[in-house]
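Each remark here refers to the structure printed beneath this line.
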Amino acid sequence: MAAKDMVVAAGFIVFRRLGQQIEYLVMKHKYGGHWGTPKGHVDPGESEFETALRETEEEAGLKKENFTIFENFRSVLHYEVRGKPKKVVYWLSELTDPKTCVTLSEEHTDYKWLSLDEACRLLQFNNMQKALREAEEFIKNLS
């Protein structure tokens, strides 16, 4: 299948620290009811990173100024959706104020801040679980 047929999306793995505890933002999609992280399709003329920023603001109400962004962490997932290849690029971002409010879009019905293990239990896709584990390892190596 040609690269032009590939669906490309981007987003952030968002985390916060409460003392020594690391928690990840997961959101429940209105359509299908599965849990995920903020992401969406890349619009024409938009970079993947710009998409990640836009989608995180649209879906969770979180803006660039709410984060410390770790651009040197990048997780790329490849899978198929309805017979088409899809690529999703994630960067890692930490809320600068862990009490910052999340404001969900109409695309989501719920959100939670969860530990790695709790988040992985909710996220049904192995590649997303792997991305969160890689993020956790990256965060632990920052200190």
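Order determines the names: the first chain of the structure tokens is A, the second B, and so forth; residues in each chain are numbered 1 upward, and ligands are numbered 1 upward as they are shown.
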request  = Write out as a PyMOL selection string all residues of chain A that DSSP puts in strand (DSSP E or B) for this structure's backbone.
outcome  = chain A and resi 7-18+21-29+35-36+39-41+67-81+84-95+108-114
Check: Within 10 Å of stretch 46-48 of chain A, counting only C-alpha atoms, which residues qualify if same-chain residues fewer than 6 places away don't, as a ChimeraX atom specification?
Finding: /A:8-11,40,54,88-91
Fill in: Residue nearest A:Lys28 among A:Ser93, A:Thr109, A:Thr56, A:Gln129 (counting only C-alpha atoms)
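That would be A:Thr109, the residue with the smallest distance to A:Lys28.
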Sorted by chain and rising residue number, which residues of stretch 6-51 of chain A lie within 10 Å of stretch 66-74 of chain A, and what are their closest atom pairs and distances in Å to one decimal, counting only C-alpha atoms, as CSV?
```
residue,atom,partner,partner_atom,distance
A:Phe12,CA,A:Ile69,CA,9.0
A:Ile13,CA,A:Arg74,CA,9.7
A:Val14,CA,A:Phe67,CA,8.6
A:Phe15,CA,A:Phe67,CA,9.4
A:Arg16,CA,A:Phe67,CA,9.5
A:Phe49,CA,A:Glu71,CA,9.1
```
Store the residues picked out above, limited to all heavy atoms, as an mmCIF file, in the first residue's frame.
```cif
data_model
loop_
_atom_site.group_PDB
_atom_site.id
_atom_site.type_symbol
_atom_site.label_atom_id
_atom_site.label_comp_id
_atom_site.auth_asym_id
_atom_site.auth_seq_id
_atom_site.Cartn_x
_atom_site.Cartn_y
_atom_site.Cartn_z
ATOM 1 N N PHE A 12 0.095 13.457 22.472
ATOM 2 C CA PHE A 12 0.994 13.480 23.625
ATOM 3 C C PHE A 12 0.623 12.401 24.615
ATOM 4 O O PHE A 12 -0.562 12.118 24.825
ATOM 5 C CB PHE A 12 0.917 14.820 24.367
ATOM 6 C CG PHE A 12 1.708 15.912 23.732
ATOM 7 C CD1 PHE A 12 1.080 16.953 23.090
ATOM 8 C CD2 PHE A 12 3.097 15.896 23.777
ATOM 9 C CE1 PHE A 12 1.800 17.971 22.497
ATOM 10 C CE2 PHE A 12 3.830 16.908 23.183
ATOM 11 C CZ PHE A 12 3.185 17.951 22.551
ATOM 12 N N ILE A 13 1.636 11.833 25.219
ATOM 13 C CA ILE A 13 1.470 11.074 26.449
ATOM 14 C C ILE A 13 1.653 12.136 27.527
ATOM 15 O O ILE A 13 2.731 12.723 27.664
ATOM 16 C CB ILE A 13 2.523 9.955 26.573
ATOM 17 C CG1 ILE A 13 2.302 8.905 25.482
ATOM 18 C CG2 ILE A 13 2.468 9.342 27.971
ATOM 19 C CD1 ILE A 13 3.408 7.866 25.382
ATOM 20 N N VAL A 14 0.571 12.430 28.238
ATOM 21 C CA VAL A 14 0.588 13.489 29.247
ATOM 22 C C VAL A 14 0.710 12.847 30.626
ATOM 23 O O VAL A 14 -0.009 11.903 30.939
ATOM 24 C CB VAL A 14 -0.716 14.324 29.186
ATOM 25 C CG1 VAL A 14 -0.706 15.421 30.242
ATOM 26 C CG2 VAL A 14 -0.912 14.912 27.792
ATOM 27 N N PHE A 15 1.648 13.386 31.428
ATOM 28 C CA PHE A 15 1.779 12.878 32.786
ATOM 29 C C PHE A 15 1.898 14.030 33.764
ATOM 30 O O PHE A 15 2.143 15.172 33.399
ATOM 31 C CB PHE A 15 2.954 11.902 32.913
ATOM 32 C CG PHE A 15 4.325 12.530 32.924
ATOM 33 C CD1 PHE A 15 4.995 12.762 34.122
ATOM 34 C CD2 PHE A 15 4.962 12.881 31.736
ATOM 35 C CE1 PHE A 15 6.266 13.324 34.124
ATOM 36 C CE2 PHE A 15 6.224 13.436 31.741
ATOM 37 C CZ PHE A 15 6.884 13.666 32.943
ATOM 38 N N ARG A 16 1.670 13.684 35.034
ATOM 39 C CA ARG A 16 1.883 14.639 36.117
ATOM 40 C C ARG A 16 2.546 13.892 37.264
ATOM 41 O O ARG A 16 2.467 12.662 37.354
ATOM 42 C CB ARG A 16 0.561 15.273 36.561
ATOM 43 C CG ARG A 16 -0.395 14.314 37.236
ATOM 44 C CD ARG A 16 -1.672 15.002 37.641
ATOM 45 N NE ARG A 16 -2.528 14.086 38.400
ATOM 46 C CZ ARG A 16 -3.711 14.413 38.889
ATOM 47 N NH1 ARG A 16 -4.198 15.629 38.685
ATOM 48 N NH2 ARG A 16 -4.432 13.546 39.567
ATOM 49 N N PHE A 49 4.042 17.491 15.081
ATOM 50 C CA PHE A 49 4.150 18.125 16.385
ATOM 51 C C PHE A 49 3.039 19.168 16.583
ATOM 52 O O PHE A 49 2.434 19.239 17.652
ATOM 53 C CB PHE A 49 5.535 18.763 16.557
ATOM 54 C CG PHE A 49 5.806 19.225 17.955
ATOM 55 C CD1 PHE A 49 6.100 18.318 18.960
ATOM 56 C CD2 PHE A 49 5.757 20.572 18.275
ATOM 57 C CE1 PHE A 49 6.334 18.738 20.272
ATOM 58 C CE2 PHE A 49 5.995 21.015 19.566
ATOM 59 C CZ PHE A 49 6.283 20.095 20.565
#
```
Enumerate the residues of chain A with a DSSP assignment of helix (DSSP H, G or I), computed from the backbone, and present them as number ranges by chain.
A: 3-5, 48-60, 64-66, 116-122, 126-142
What would the file look like if the residues just selected were written as a compact mmCIF listing (two decimals), in the first residue's frame with N, CA and C atoms?
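Output contents, as saved in again21.txt:
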```txt
# COMPACT_ATOMS: atom_id res chain seq x y z
N ALA A 3 2.42 5.01 0.59
CA ALA A 3 2.52 5.85 1.78
C ALA A 3 1.41 6.90 1.81
N LYS A 4 0.97 7.34 0.63
CA LYS A 4 -0.10 8.35 0.60
C LYS A 4 -1.41 7.81 1.16
N ASP A 5 -1.56 6.49 1.21
CA ASP A 5 -2.76 5.89 1.78
C ASP A 5 -2.67 5.75 3.30
N GLU A 48 3.46 17.04 12.39
CA GLU A 48 2.98 16.09 13.39
C GLU A 48 3.00 16.72 14.78
N PHE A 49 4.04 17.49 15.08
CA PHE A 49 4.15 18.13 16.38
C PHE A 49 3.04 19.17 16.58
N GLU A 50 2.75 19.95 15.54
CA GLU A 50 1.65 20.92 15.62
C GLU A 50 0.32 20.21 15.85
N THR A 51 0.15 19.06 15.22
CA THR A 51 -1.06 18.27 15.42
C THR A 51 -1.17 17.83 16.87
N ALA A 52 -0.08 17.34 17.44
CA ALA A 52 -0.09 16.89 18.83
C ALA A 52 -0.53 18.02 19.76
N LEU A 53 0.01 19.22 19.53
CA LEU A 53 -0.38 20.37 20.36
C LEU A 53 -1.85 20.72 20.18
N ARG A 54 -2.30 20.78 18.93
CA ARG A 54 -3.69 21.15 18.63
C ARG A 54 -4.66 20.13 19.23
N GLU A 55 -4.39 18.86 18.98
CA GLU A 55 -5.31 17.82 19.45
C GLU A 55 -5.37 17.74 20.97
N THR A 56 -4.25 17.96 21.63
CA THR A 56 -4.25 17.92 23.10
C THR A 56 -5.07 19.08 23.66
N GLU A 57 -4.98 20.24 23.01
CA GLU A 57 -5.80 21.36 23.44
C GLU A 57 -7.27 21.10 23.14
N GLU A 58 -7.58 20.60 21.94
CA GLU A 58 -8.97 20.33 21.57
C GLU A 58 -9.61 19.25 22.44
N GLU A 59 -8.88 18.18 22.69
CA GLU A 59 -9.48 17.02 23.37
C GLU A 59 -9.43 17.11 24.89
N ALA A 60 -8.41 17.79 25.44
CA ALA A 60 -8.25 17.81 26.89
C ALA A 60 -8.21 19.23 27.47
N LYS A 64 -0.02 24.37 25.26
CA LYS A 64 1.43 24.25 25.28
C LYS A 64 2.03 24.86 26.55
N GLU A 65 1.47 25.99 27.00
CA GLU A 65 2.03 26.64 28.19
C GLU A 65 1.74 25.87 29.48
N ASN A 66 0.89 24.85 29.43
CA ASN A 66 0.62 24.00 30.60
C ASN A 66 1.67 22.91 30.79
N LEU A 116 1.05 3.88 36.01
CA LEU A 116 1.40 3.10 34.81
C LEU A 116 0.59 1.80 34.74
N ASP A 117 0.60 1.04 35.83
CA ASP A 117 -0.10 -0.25 35.82
C ASP A 117 -1.61 -0.09 35.61
N GLU A 118 -2.20 0.89 36.29
CA GLU A 118 -3.64 1.12 36.13
C GLU A 118 -3.97 1.57 34.69
N ALA A 119 -3.15 2.45 34.14
CA ALA A 119 -3.37 2.92 32.77
C ALA A 119 -3.25 1.78 31.78
N CYS A 120 -2.24 0.95 31.95
CA CYS A 120 -2.04 -0.18 31.03
C CYS A 120 -3.20 -1.17 31.10
N ARG A 121 -3.82 -1.30 32.26
CA ARG A 121 -5.00 -2.18 32.37
C ARG A 121 -6.17 -1.65 31.56
N LEU A 122 -6.32 -0.33 31.51
CA LEU A 122 -7.43 0.27 30.75
C LEU A 122 -7.16 0.34 29.25
N ASN A 126 -1.78 -3.25 22.93
CA ASN A 126 -0.44 -3.55 23.42
C ASN A 126 0.60 -2.50 23.06
N ASN A 127 0.48 -1.94 21.83
CA ASN A 127 1.47 -0.96 21.41
C ASN A 127 1.36 0.33 22.24
N MET A 128 0.17 0.69 22.69
CA MET A 128 -0.01 1.86 23.54
C MET A 128 0.51 1.59 24.94
N GLN A 129 0.30 0.38 25.43
CA GLN A 129 0.85 -0.01 26.73
C GLN A 129 2.38 0.06 26.69
N LYS A 130 2.95 -0.41 25.59
CA LYS A 130 4.41 -0.37 25.43
C LYS A 130 4.92 1.07 25.40
N ALA A 131 4.20 1.96 24.72
CA ALA A 131 4.60 3.38 24.67
C ALA A 131 4.59 3.99 26.07
N LEU A 132 3.58 3.66 26.87
CA LEU A 132 3.53 4.18 28.25
C LEU A 132 4.68 3.63 29.09
N ARG A 133 5.00 2.37 28.91
CA ARG A 133 6.12 1.78 29.66
C ARG A 133 7.45 2.47 29.27
N GLU A 134 7.60 2.75 27.97
CA GLU A 134 8.80 3.46 27.51
C GLU A 134 8.84 4.87 28.10
N ALA A 135 7.69 5.51 28.18
CA ALA A 135 7.62 6.85 28.77
C ALA A 135 8.02 6.82 30.24
N GLU A 136 7.52 5.83 30.96
CA GLU A 136 7.84 5.69 32.39
C GLU A 136 9.35 5.51 32.58
N GLU A 137 9.96 4.68 31.76
CA GLU A 137 11.40 4.46 31.84
C GLU A 137 12.15 5.77 31.57
N PHE A 138 11.71 6.52 30.57
CA PHE A 138 12.32 7.80 30.22
C PHE A 138 12.23 8.77 31.41
N ILE A 139 11.04 8.86 32.03
CA ILE A 139 10.81 9.77 33.15
C ILE A 139 11.72 9.39 34.32
N LYS A 140 11.81 8.11 34.61
CA LYS A 140 12.63 7.66 35.74
C LYS A 140 14.11 7.95 35.51
N ASN A 141 14.53 7.98 34.26
CA ASN A 141 15.94 8.27 33.94
C ASN A 141 16.23 9.77 33.93
N LEU A 142 15.20 10.62 34.03
CA LEU A 142 15.41 12.07 34.08
C LEU A 142 16.05 12.51 35.39
```
| task | Record the distance separating atom CA of A:Thr96 and atom CA of A:Lys112, expressed in Å with one decimal. | result |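 These atoms are spaced 17.7 Å apart.
With only C-alpha atoms as the basis for measurement, A:Val7 is the residue among A:Leu114, A:Val7, A:Tyr79, A:Leu25 that approaches A:Asp43 most closely.
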Point out the residue among A:Gln124, A:Trp113, A:Met27, A:Met6 with the least atom-to-atom distance to A:Pro98, counting only C-alpha atoms.
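Smallest distance to A:Pro98 is found for A:Trp113.
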One decimal place gives the atom CA of A:Leu62-atom CA of A:His108 separation as 14.4 Å
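For the residues A:Tyr31, A:Tyr111, A:Leu77, A:Lys63, ranking by smallest atom-to-atom distance to A:Leu95 using only C-alpha atoms places A:Lys63 first.
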